[in-house]
$ cat my_file.cif   # mmCIF, C-alpha atoms
data_input
loop_
_atom_site.group_PDB
_atom_site.id
_atom_site.type_symbol
_atom_site.label_atom_id
_atom_site.label_comp_id
_atom_site.auth_asym_id
_atom_site.auth_seq_id
_atom_site.Cartn_x
_atom_site.Cartn_y
_atom_site.Cartn_z
ATOM 1 C CA MET T 1 0.000 0.000 0.000
ATOM 2 C CA LEU T 2 1.324 3.417 -1.017
ATOM 3 C CA PRO T 3 1.532 6.267 1.483
ATOM 4 C CA ASP T 4 -0.949 9.144 1.095
ATOM 5 C CA PRO T 5 0.555 12.091 -0.827
ATOM 6 C CA ASP T 6 0.877 15.346 1.023
ATOM 7 C CA ALA T 7 -0.799 18.601 -0.057
ATOM 8 C CA GLY T 8 2.383 19.948 -1.694
ATOM 9 C CA GLU T 9 2.722 16.887 -3.936
ATOM 10 C CA ILE T 10 -0.933 17.150 -4.963
ATOM 11 C CA ARG T 11 -0.552 20.852 -5.872
ATOM 12 C CA GLU T 12 2.607 20.150 -7.860
ATOM 13 C CA LEU T 13 0.903 17.344 -9.801
ATOM 14 C CA ALA T 14 -2.137 19.545 -10.527
ATOM 15 C CA GLU T 15 0.102 22.361 -11.829
ATOM 16 C CA ARG T 16 1.979 19.952 -14.125
ATOM 17 C CA ILE T 17 -1.294 18.580 -15.499
ATOM 18 C CA LEU T 18 -2.766 22.048 -16.089
ATOM 19 C CA GLN T 19 0.388 23.161 -17.927
ATOM 20 C CA ARG T 20 -0.055 20.462 -20.570
ATOM 21 C CA PRO T 21 -1.010 21.880 -23.990
ATOM 22 C CA GLU T 22 -4.511 20.413 -23.958
ATOM 23 C CA TYR T 23 -5.298 22.428 -20.809
ATOM 24 C CA ALA T 24 -2.989 25.435 -21.105
ATOM 25 C CA ASP T 25 -3.993 26.607 -24.600
ATOM 26 C CA TRP T 26 -7.633 27.367 -23.946
ATOM 27 C CA HIS T 27 -8.606 30.181 -21.621
ATOM 28 C CA PRO T 28 -11.544 32.449 -22.508
ATOM 29 C CA ASP T 29 -9.785 35.385 -20.842
ATOM 30 C CA ASP T 30 -6.750 34.851 -23.082
ATOM 31 C CA LEU T 31 -8.949 34.818 -26.184
ATOM 32 C CA ILE T 32 -10.503 38.186 -25.316
ATOM 33 C CA ILE T 33 -7.101 39.630 -24.462
ATOM 34 C CA ARG T 34 -5.661 38.346 -27.751
ATOM 35 C CA LEU T 35 -8.613 39.785 -29.677
ATOM 36 C CA LEU T 36 -8.170 43.207 -28.031
ATOM 37 C CA GLN T 37 -4.407 43.104 -28.630
ATOM 38 C CA TRP T 38 -5.017 42.240 -32.285
ATOM 39 C CA LEU T 39 -7.492 45.115 -32.618
ATOM 40 C CA GLN T 40 -5.045 47.494 -30.918
ATOM 41 C CA GLN T 41 -2.304 46.397 -33.309
ATOM 42 C CA LEU T 42 -4.722 46.813 -36.210
ATOM 43 C CA PHE T 43 -5.403 50.427 -35.113
ATOM 44 C CA LYS T 44 -1.653 51.060 -35.355
ATOM 45 C CA THR T 45 -1.011 49.324 -38.663
ATOM 46 C CA GLN T 46 -4.315 49.764 -40.542
ATOM 47 C CA PRO T 47 -6.528 52.285 -38.728
ATOM 48 C CA GLU T 48 -9.121 52.470 -41.545
ATOM 49 C CA LEU T 49 -9.757 48.735 -41.363
ATOM 50 C CA ALA T 50 -9.900 48.831 -37.553
ATOM 51 C CA PHE T 51 -12.433 51.693 -37.596
ATOM 52 C CA ALA T 52 -14.478 49.840 -40.222
ATOM 53 C CA ILE T 53 -14.564 46.689 -38.077
ATOM 54 C CA VAL T 54 -15.502 48.591 -34.909
ATOM 55 C CA GLY T 55 -18.131 50.577 -36.838
ATOM 56 C CA LEU T 56 -19.607 47.411 -38.326
ATOM 57 C CA LEU T 57 -19.759 45.735 -34.910
ATOM 58 C CA THR T 58 -21.441 48.848 -33.465
ATOM 59 C CA VAL T 59 -24.046 48.853 -36.247
ATOM 60 C CA VAL T 60 -24.726 45.128 -35.767
ATOM 61 C CA PHE T 61 -25.137 45.647 -32.017
ATOM 62 C CA ALA T 62 -27.497 48.614 -32.572
ATOM 63 C CA VAL T 63 -29.592 46.583 -35.049
ATOM 64 C CA ILE T 64 -29.877 43.701 -32.555
ATOM 65 C CA VAL T 65 -30.964 46.044 -29.741
ATOM 66 C CA ALA T 66 -33.467 47.816 -32.029
ATOM 67 C CA HIS T 67 -34.898 44.495 -33.209
ATOM 68 C CA LEU T 68 -35.270 43.208 -29.649
ATOM 69 C CA THR T 69 -36.955 46.449 -28.570
ATOM 70 C CA TRP T 70 -39.334 46.382 -31.536
ATOM 71 C CA THR T 71 -40.193 42.709 -30.952
ATOM 72 C CA VAL T 72 -40.940 43.196 -27.252
ATOM 73 C CA ARG T 73 -43.034 46.338 -27.854
ATOM 74 C CA ARG T 74 -45.010 44.658 -30.628
ATOM 75 C CA ASP T 75 -45.669 41.616 -28.441
ATOM 76 C CA LEU T 76 -46.814 43.773 -25.524
ATOM 77 C CA ALA T 77 -49.086 45.857 -27.772
ATOM 78 C CA THR T 78 -50.624 42.683 -29.222
ATOM 79 C CA ARG T 79 -51.287 41.293 -25.752
ATOM 80 C CA VAL T 80 -52.954 44.512 -24.588
ATOM 81 C CA ARG T 81 -55.108 44.605 -27.734
ATOM 82 C CA ASP T 82 -56.023 40.918 -27.330
ATOM 83 C CA ASP T 83 -56.927 41.448 -23.661
ATOM 84 C CA SER T 84 -59.130 44.453 -24.425
ATOM 85 C CA ASP T 85 -60.847 42.566 -27.267
ATOM 86 C CA ALA T 86 -61.475 39.646 -24.899
ATOM 87 C CA ASN T 87 -62.942 41.933 -22.235
ATOM 88 C CA VAL T 88 -65.511 43.373 -24.641
ATOM 89 C CA ASP T 89 -67.043 39.955 -25.244
ATOM 90 C CA ALA T 90 -66.497 38.480 -21.757
ATOM 91 C CA GLU T 91 -69.940 39.165 -20.285
ATOM 92 C CA PRO T 92 -71.975 37.620 -23.126
ATOM 93 C CA ARG T 93 -69.711 34.557 -23.067
ATOM 94 C CA PHE T 94 -70.153 34.253 -19.300
ATOM 95 C CA LEU T 95 -73.917 34.398 -19.732
ATOM 96 C CA GLU T 96 -73.937 31.867 -22.578
ATOM 97 C CA ARG T 97 -71.791 29.517 -20.519
ATOM 98 C CA ALA T 98 -74.048 29.990 -17.471
ATOM 99 C CA GLU T 99 -77.142 29.228 -19.537
ATOM 100 C CA ASP T 100 -75.508 26.067 -20.846
ATOM 101 C CA LEU T 101 -74.540 24.975 -17.319
ATOM 102 C CA ALA T 102 -78.045 25.669 -15.981
ATOM 103 C CA GLY T 103 -79.536 23.706 -18.871
ATOM 104 C CA ARG T 104 -77.540 20.694 -17.683
ATOM 105 C CA GLY T 105 -78.706 21.147 -14.092
ATOM 106 C CA ARG T 106 -75.383 22.561 -12.868
ATOM 107 C CA PHE T 107 -76.959 25.586 -11.191
ATOM 108 C CA LEU T 108 -74.125 26.225 -8.748
ATOM 109 C CA ASP T 109 -71.564 26.473 -11.551
ATOM 110 C CA ALA T 110 -74.031 28.580 -13.540
ATOM 111 C CA ALA T 111 -74.491 30.971 -10.590
ATOM 112 C CA ARG T 112 -70.698 31.280 -10.220
ATOM 113 C CA THR T 113 -70.388 32.030 -13.927
ATOM 114 C CA VAL T 114 -73.043 34.770 -13.748
ATOM 115 C CA GLN T 115 -71.185 36.155 -10.721
ATOM 116 C CA LEU T 116 -68.122 36.482 -12.975
ATOM 117 C CA ALA T 117 -70.246 38.405 -15.498
ATOM 118 C CA VAL T 118 -71.462 40.689 -12.690
ATOM 119 C CA ILE T 119 -67.907 41.277 -11.472
ATOM 120 C CA GLN T 120 -66.829 42.012 -15.049
ATOM 121 C CA LYS T 121 -69.631 44.564 -15.396
ATOM 122 C CA LEU T 122 -68.786 46.175 -12.030
ATOM 123 C CA VAL T 123 -65.079 46.462 -12.823
ATOM 124 C CA ARG T 124 -65.539 47.670 -16.413
ATOM 125 C CA GLY T 125 -68.191 50.136 -15.280
ATOM 126 C CA GLY T 126 -65.846 51.545 -12.631
ATOM 127 C CA ALA T 127 -68.143 50.649 -9.716
ATOM 128 C CA VAL T 128 -65.441 48.586 -7.974
ATOM 129 C CA GLU T 129 -61.723 47.973 -8.292
ATOM 130 C CA LEU T 130 -60.819 44.333 -7.988
ATOM 131 C CA GLY T 131 -57.739 42.279 -8.778
ATOM 132 C CA ARG T 132 -57.863 38.750 -10.162
ATOM 133 C CA ALA T 133 -56.601 37.270 -6.902
ATOM 134 C CA ASP T 134 -58.833 39.289 -4.570
ATOM 135 C CA PRO T 135 -61.019 37.021 -2.414
ATOM 136 C CA ASN T 136 -64.773 37.378 -1.889
ATOM 137 C CA SER T 137 -64.217 39.137 1.442
ATOM 138 C CA ILE T 138 -62.577 42.035 -0.419
ATOM 139 C CA LEU T 139 -65.324 41.952 -3.054
ATOM 140 C CA ARG T 140 -67.977 42.248 -0.325
ATOM 141 C CA ARG T 141 -66.179 45.190 1.334
ATOM 142 C CA ARG T 142 -65.799 47.007 -1.971
ATOM 143 C CA LEU T 143 -69.403 46.327 -2.910
ATOM 144 C CA GLN T 144 -70.544 47.938 0.348
ATOM 145 C CA ARG T 145 -68.739 51.151 -0.681
ATOM 146 C CA ALA T 146 -69.651 50.976 -4.392
ATOM 147 C CA GLN T 147 -71.550 53.807 -6.056
ATOM 148 C CA LEU T 148 -74.666 51.696 -6.547
ATOM 149 C CA GLY T 149 -78.179 51.865 -5.243
ATOM 150 C CA SER T 150 -78.576 50.705 -1.657
ATOM 151 C CA ASP T 151 -80.821 47.783 -2.656
ATOM 152 C CA THR T 152 -78.377 46.666 -5.343
ATOM 153 C CA ARG T 153 -75.412 46.781 -2.952
ATOM 154 C CA THR T 154 -77.318 44.801 -0.331
ATOM 155 C CA GLU T 155 -78.469 42.253 -2.899
ATOM 156 C CA LEU T 156 -74.955 41.732 -4.308
ATOM 157 C CA VAL T 157 -73.310 41.376 -0.897
ATOM 158 C CA SER T 158 -75.988 38.867 0.104
ATOM 159 C CA LEU T 159 -75.583 36.919 -3.151
ATOM 160 C CA VAL T 160 -71.808 36.721 -2.742
ATOM 161 C CA ALA T 161 -72.221 35.325 0.787
ATOM 162 C CA ARG T 162 -74.941 32.912 -0.352
ATOM 163 C CA LEU T 163 -72.859 31.666 -3.288
ATOM 164 C CA GLU T 164 -69.872 31.248 -1.004
ATOM 165 C CA ARG T 165 -71.910 29.093 1.423
ATOM 166 C CA CYS T 166 -73.277 26.947 -1.390
ATOM 167 C CA TRP T 167 -69.916 26.659 -3.109
ATOM 168 C CA PHE T 168 -67.716 25.854 -0.126
ATOM 169 C CA ARG T 169 -70.087 24.279 2.378
ATOM 170 C CA ASP T 170 -73.297 22.881 0.904
ATOM 171 C CA ARG T 171 -72.381 22.207 -2.732
ATOM 172 C CA ALA T 172 -76.118 22.419 -3.407
ATOM 173 C CA GLU T 173 -77.472 22.872 -6.936
ATOM 174 C CA ASP T 174 -79.732 25.844 -6.234
ATOM 175 C CA ALA T 175 -81.721 27.038 -9.265
ATOM 176 C CA ASP T 176 -82.995 30.020 -7.244
ATOM 177 C CA LEU T 177 -79.433 31.191 -6.625
ATOM 178 C CA TYR T 178 -78.736 31.096 -10.362
ATOM 179 C CA THR T 179 -81.931 33.063 -11.058
ATOM 180 C CA ALA T 180 -81.036 35.608 -8.356
ATOM 181 C CA TRP T 181 -77.632 36.211 -9.949
ATOM 182 C CA LEU T 182 -79.291 36.686 -13.350
ATOM 183 C CA HIS T 183 -81.664 39.211 -11.765
ATOM 184 C CA ALA T 184 -78.697 41.057 -10.197
ATOM 185 C CA TYR T 185 -76.931 41.134 -13.560
ATOM 186 C CA THR T 186 -80.009 42.608 -15.253
ATOM 187 C CA ARG T 187 -80.450 45.144 -12.456
ATOM 188 C CA LEU T 188 -76.812 46.239 -12.853
ATOM 189 C CA GLY T 189 -77.443 46.863 -16.547
ATOM 190 C CA ALA T 190 -79.757 49.699 -15.550
ATOM 191 C CA GLU T 191 -77.329 51.182 -13.010
ATOM 192 C CA ILE T 192 -74.028 50.767 -14.837
ATOM 193 C CA PRO T 193 -73.999 51.999 -18.428
ATOM 194 C CA ALA T 194 -72.128 49.945 -20.976
ATOM 195 C CA PRO T 195 -68.623 51.376 -21.605
#
$ encode --input "my_file.cif" --output "structure tokens"
Amino acid sequence: MLPDPDAGEIRELAERILQRPEYADWHPDDLIIRLLQWLQQLFKTQPELAFAIVGLLTVVFAVIVAHLTWTVRRDLATRVRDDSDANVDAEPRFLERAEDLAGRGRFLDAARTVQLAVIQKLVRGGAVELGRADPNSILRRRLQRAQLGSDTRTELVSLVARLERCWFRDRAEDADLYTAWLHAYTRLGAEIPAP
């Protein structure tokens, strides 16, 4: 059995290995340094060519940045336009979906879908501010302060609580709840003008 090498022997062996041509010739730092040295030498010997190369690289870089900027701006503008187009048709699609669900006896899902149409109408009409992740407790608080008729506010707050009970506790298919949400949606049409 051979004795364990000490740290000095290991370092010496590692240095010898790393000095071999297959390891010593390739260093990314050396490549950049060599490229800059070559360009510096080119500025001394052929300045016109050096300026042409630097100018060309600058133009290529500017074109890449401009293209990236244009692509990102176009994509963002398309998304905003697509979102606004989707919002215009959201309420009718909610109502169509709710009607389909109710026709299949899924009144709880239909009531939830009409609630989404009501929320869409409230937000688009400026009656409430609501984020996508805001829970029903925030919706109820904002409804209580909304610029709506007192009866409408009371009805909506009550419907949100009733839907929440049915959805999370009872899971009951309540046709009356669906009808009540439809009534609330119709009532909102009179209070909130279409944008």
$ residues_near_point --input "my_file.cif" --point "(-69.1, 36.4, -4.8)" --cutoff "9 Å" --atoms "only C-alpha atoms" --output "ChimeraX atom specification"
/T:112,115-116,119,135-137,139-140,156-164
$ closest_residue --input "my_file.cif" --among "T:Val118, T:Glu191, T:Ala172, T:Val128" --to "Asp151 in chain T" --atoms "only C-alpha atoms"
T:Glu191
$ resolve_selection --input "my_file.cif" --expression "the PyMOL selection byres ((chain T and resi 148) around 10)" --output "MDAnalysis selection string"
chainID T and resid 122 127:128 143:147 149:154 188 191:192
$ write_last_selection --input "my_file.cif" --atoms "C-alpha atoms" --output "CSV table (one decimal), in the coordinates of the input"
chain,number,residue,atom,x,y,z
T,122,LEU,CA,-68.8,46.2,-12.0
T,127,ALA,CA,-68.1,50.6,-9.7
T,128,VAL,CA,-65.4,48.6,-8.0
T,143,LEU,CA,-69.4,46.3,-2.9
T,144,GLN,CA,-70.5,47.9,0.3
T,145,ARG,CA,-68.7,51.2,-0.7
T,146,ALA,CA,-69.7,51.0,-4.4
T,147,GLN,CA,-71.6,53.8,-6.1
T,149,GLY,CA,-78.2,51.9,-5.2
T,150,SER,CA,-78.6,50.7,-1.7
T,151,ASP,CA,-80.8,47.8,-2.7
T,152,THR,CA,-78.4,46.7,-5.3
T,153,ARG,CA,-75.4,46.8,-3.0
T,154,THR,CA,-77.3,44.8,-0.3
T,188,LEU,CA,-76.8,46.2,-12.9
T,191,GLU,CA,-77.3,51.2,-13.0
T,192,ILE,CA,-74.0,50.8,-14.8
$ atom_distance --input "my_file.cif" --atom1 "CA of Arg97 in chain T" --atom2 "CA of Val114 in chain T"
8.7 Å
$ residues_around --input "my_file.cif" --residues "Thr179 in chain T" --least-positions-apart "4" --cutoff "12 Å" --atoms "only C-alpha atoms" --output "PyMOL selection string"
chain T and resi 95+98-99+102+107-108+110-115+159+173-175+183-186
$ write_last_selection --input "my_file.cif" --atoms "C-alpha atoms" --output "mmCIF file, keeping the file's coordinate frame"
data_model
loop_
_atom_site.group_PDB
_atom_site.id
_atom_site.type_symbol
_atom_site.label_atom_id
_atom_site.label_comp_id
_atom_site.auth_asym_id
_atom_site.auth_seq_id
_atom_site.Cartn_x
_atom_site.Cartn_y
_atom_site.Cartn_z
ATOM 1 C CA LEU T 95 -73.917 34.398 -19.732
ATOM 2 C CA ALA T 98 -74.048 29.990 -17.471
ATOM 3 C CA GLU T 99 -77.142 29.228 -19.537
ATOM 4 C CA ALA T 102 -78.045 25.669 -15.981
ATOM 5 C CA PHE T 107 -76.959 25.586 -11.191
ATOM 6 C CA LEU T 108 -74.125 26.225 -8.748
ATOM 7 C CA ALA T 110 -74.031 28.580 -13.540
ATOM 8 C CA ALA T 111 -74.491 30.971 -10.590
ATOM 9 C CA ARG T 112 -70.698 31.280 -10.220
ATOM 10 C CA THR T 113 -70.388 32.030 -13.927
ATOM 11 C CA VAL T 114 -73.043 34.770 -13.748
ATOM 12 C CA GLN T 115 -71.185 36.155 -10.721
ATOM 13 C CA LEU T 159 -75.583 36.919 -3.151
ATOM 14 C CA GLU T 173 -77.472 22.872 -6.936
ATOM 15 C CA ASP T 174 -79.732 25.844 -6.234
ATOM 16 C CA ALA T 175 -81.721 27.038 -9.265
ATOM 17 C CA HIS T 183 -81.664 39.211 -11.765
ATOM 18 C CA ALA T 184 -78.697 41.057 -10.197
ATOM 19 C CA TYR T 185 -76.931 41.134 -13.560
ATOM 20 C CA THR T 186 -80.009 42.608 -15.253
#
$ axis_aligned_box --input "my_file.cif" --around "range 47-65 of chain T" --padding-each-side "4 Å" --output "AutoDock Vina command-line options"
--center_x -18.7 --center_y 48.1 --center_z -35.6 --size_x 32.4 --size_y 16.8 --size_z 19.8
$ atom_distance --input "my_file.cif" --atom1 "CA of Phe168 in chain T" --atom2 "CA of Asp100 in chain T"
22.1 Å
$ atom_distance --input "my_file.cif" --atom1 "CA of Leu101 in chain T" --atom2 "CA of Gly125 in chain T"
26.0 Å
$ build_atoms --input "my_file.cif" --residues "range 30-56 of chain T" --atoms "N, CA and C atoms" --output "mmCIF file, in the frame of the given file"
data_model
loop_
_atom_site.group_PDB
_atom_site.id
_atom_site.type_symbol
_atom_site.label_atom_id
_atom_site.label_comp_id
_atom_site.auth_asym_id
_atom_site.auth_seq_id
_atom_site.Cartn_x
_atom_site.Cartn_y
_atom_site.Cartn_z
ATOM 1 N N ASP T 30 -7.841 34.661 -22.130
ATOM 2 C CA ASP T 30 -6.750 34.851 -23.082
ATOM 3 C C ASP T 30 -7.288 35.173 -24.466
ATOM 4 N N LEU T 31 -8.376 34.565 -24.864
ATOM 5 C CA LEU T 31 -8.949 34.818 -26.184
ATOM 6 C C LEU T 31 -9.392 36.281 -26.307
ATOM 7 N N ILE T 32 -10.047 36.794 -25.289
ATOM 8 C CA ILE T 32 -10.503 38.186 -25.316
ATOM 9 C C ILE T 32 -9.297 39.123 -25.325
ATOM 10 N N ILE T 33 -8.308 38.798 -24.507
ATOM 11 C CA ILE T 33 -7.101 39.630 -24.462
ATOM 12 C C ILE T 33 -6.408 39.623 -25.814
ATOM 13 N N ARG T 34 -6.295 38.436 -26.425
ATOM 14 C CA ARG T 34 -5.661 38.346 -27.751
ATOM 15 C C ARG T 34 -6.444 39.125 -28.802
ATOM 16 N N LEU T 35 -7.779 39.055 -28.728
ATOM 17 C CA LEU T 35 -8.613 39.785 -29.677
ATOM 18 C C LEU T 35 -8.418 41.294 -29.517
ATOM 19 N N LEU T 36 -8.388 41.775 -28.268
ATOM 20 C CA LEU T 36 -8.170 43.207 -28.031
ATOM 21 C C LEU T 36 -6.763 43.641 -28.445
ATOM 22 N N GLN T 37 -5.776 42.786 -28.208
ATOM 23 C CA GLN T 37 -4.407 43.104 -28.630
ATOM 24 C C GLN T 37 -4.331 43.163 -30.154
ATOM 25 N N TRP T 38 -5.004 42.238 -30.810
ATOM 26 C CA TRP T 38 -5.017 42.240 -32.285
ATOM 27 C C TRP T 38 -5.680 43.516 -32.812
ATOM 28 N N LEU T 39 -6.797 43.903 -32.195
ATOM 29 C CA LEU T 39 -7.492 45.115 -32.618
ATOM 30 C C LEU T 39 -6.636 46.350 -32.361
ATOM 31 N N GLN T 40 -5.935 46.374 -31.224
ATOM 32 C CA GLN T 40 -5.045 47.494 -30.918
ATOM 33 C C GLN T 40 -3.914 47.577 -31.948
ATOM 34 N N GLN T 41 -3.363 46.437 -32.295
ATOM 35 C CA GLN T 41 -2.304 46.397 -33.309
ATOM 36 C C GLN T 41 -2.846 46.833 -34.660
ATOM 37 N N LEU T 42 -4.096 46.437 -34.949
ATOM 38 C CA LEU T 42 -4.722 46.813 -36.210
ATOM 39 C C LEU T 42 -4.926 48.327 -36.280
ATOM 40 N N PHE T 43 -5.257 48.967 -35.151
ATOM 41 C CA PHE T 43 -5.403 50.427 -35.113
ATOM 42 C C PHE T 43 -4.072 51.110 -35.449
ATOM 43 N N LYS T 44 -2.968 50.474 -35.068
ATOM 44 C CA LYS T 44 -1.653 51.060 -35.355
ATOM 45 C C LYS T 44 -1.249 50.850 -36.807
ATOM 46 N N THR T 45 -1.485 49.645 -37.314
ATOM 47 C CA THR T 45 -1.011 49.324 -38.663
ATOM 48 C C THR T 45 -2.002 49.696 -39.756
ATOM 49 N N GLN T 46 -3.284 49.466 -39.541
ATOM 50 C CA GLN T 46 -4.315 49.764 -40.542
ATOM 51 C C GLN T 46 -5.529 50.392 -39.861
ATOM 52 N N PRO T 47 -5.449 51.656 -39.489
ATOM 53 C CA PRO T 47 -6.528 52.285 -38.728
ATOM 54 C C PRO T 47 -7.867 52.310 -39.471
ATOM 55 N N GLU T 48 -7.857 52.443 -40.806
ATOM 56 C CA GLU T 48 -9.121 52.470 -41.545
ATOM 57 C C GLU T 48 -9.872 51.147 -41.395
ATOM 58 N N LEU T 49 -9.145 50.060 -41.517
ATOM 59 C CA LEU T 49 -9.757 48.735 -41.363
ATOM 60 C C LEU T 49 -10.265 48.538 -39.933
ATOM 61 N N ALA T 50 -9.492 48.965 -38.954
ATOM 62 C CA ALA T 50 -9.900 48.831 -37.553
ATOM 63 C C ALA T 50 -11.169 49.631 -37.286
ATOM 64 N N PHE T 51 -11.228 50.878 -37.785
ATOM 65 C CA PHE T 51 -12.433 51.693 -37.596
ATOM 66 C C PHE T 51 -13.627 51.077 -38.321
ATOM 67 N N ALA T 52 -13.391 50.491 -39.481
ATOM 68 C CA ALA T 52 -14.478 49.840 -40.222
ATOM 69 C C ALA T 52 -15.020 48.641 -39.437
ATOM 70 N N ILE T 53 -14.129 47.859 -38.853
ATOM 71 C CA ILE T 53 -14.564 46.689 -38.077
ATOM 72 C C ILE T 53 -15.341 47.134 -36.841
ATOM 73 N N VAL T 54 -14.811 48.108 -36.107
ATOM 74 C CA VAL T 54 -15.502 48.591 -34.909
ATOM 75 C C VAL T 54 -16.845 49.216 -35.290
ATOM 76 N N GLY T 55 -16.880 49.975 -36.369
ATOM 77 C CA GLY T 55 -18.131 50.577 -36.838
ATOM 78 C C GLY T 55 -19.155 49.525 -37.211
ATOM 79 N N LEU T 56 -18.707 48.490 -37.922
ATOM 80 C CA LEU T 56 -19.607 47.411 -38.326
ATOM 81 C C LEU T 56 -20.165 46.678 -37.097
#
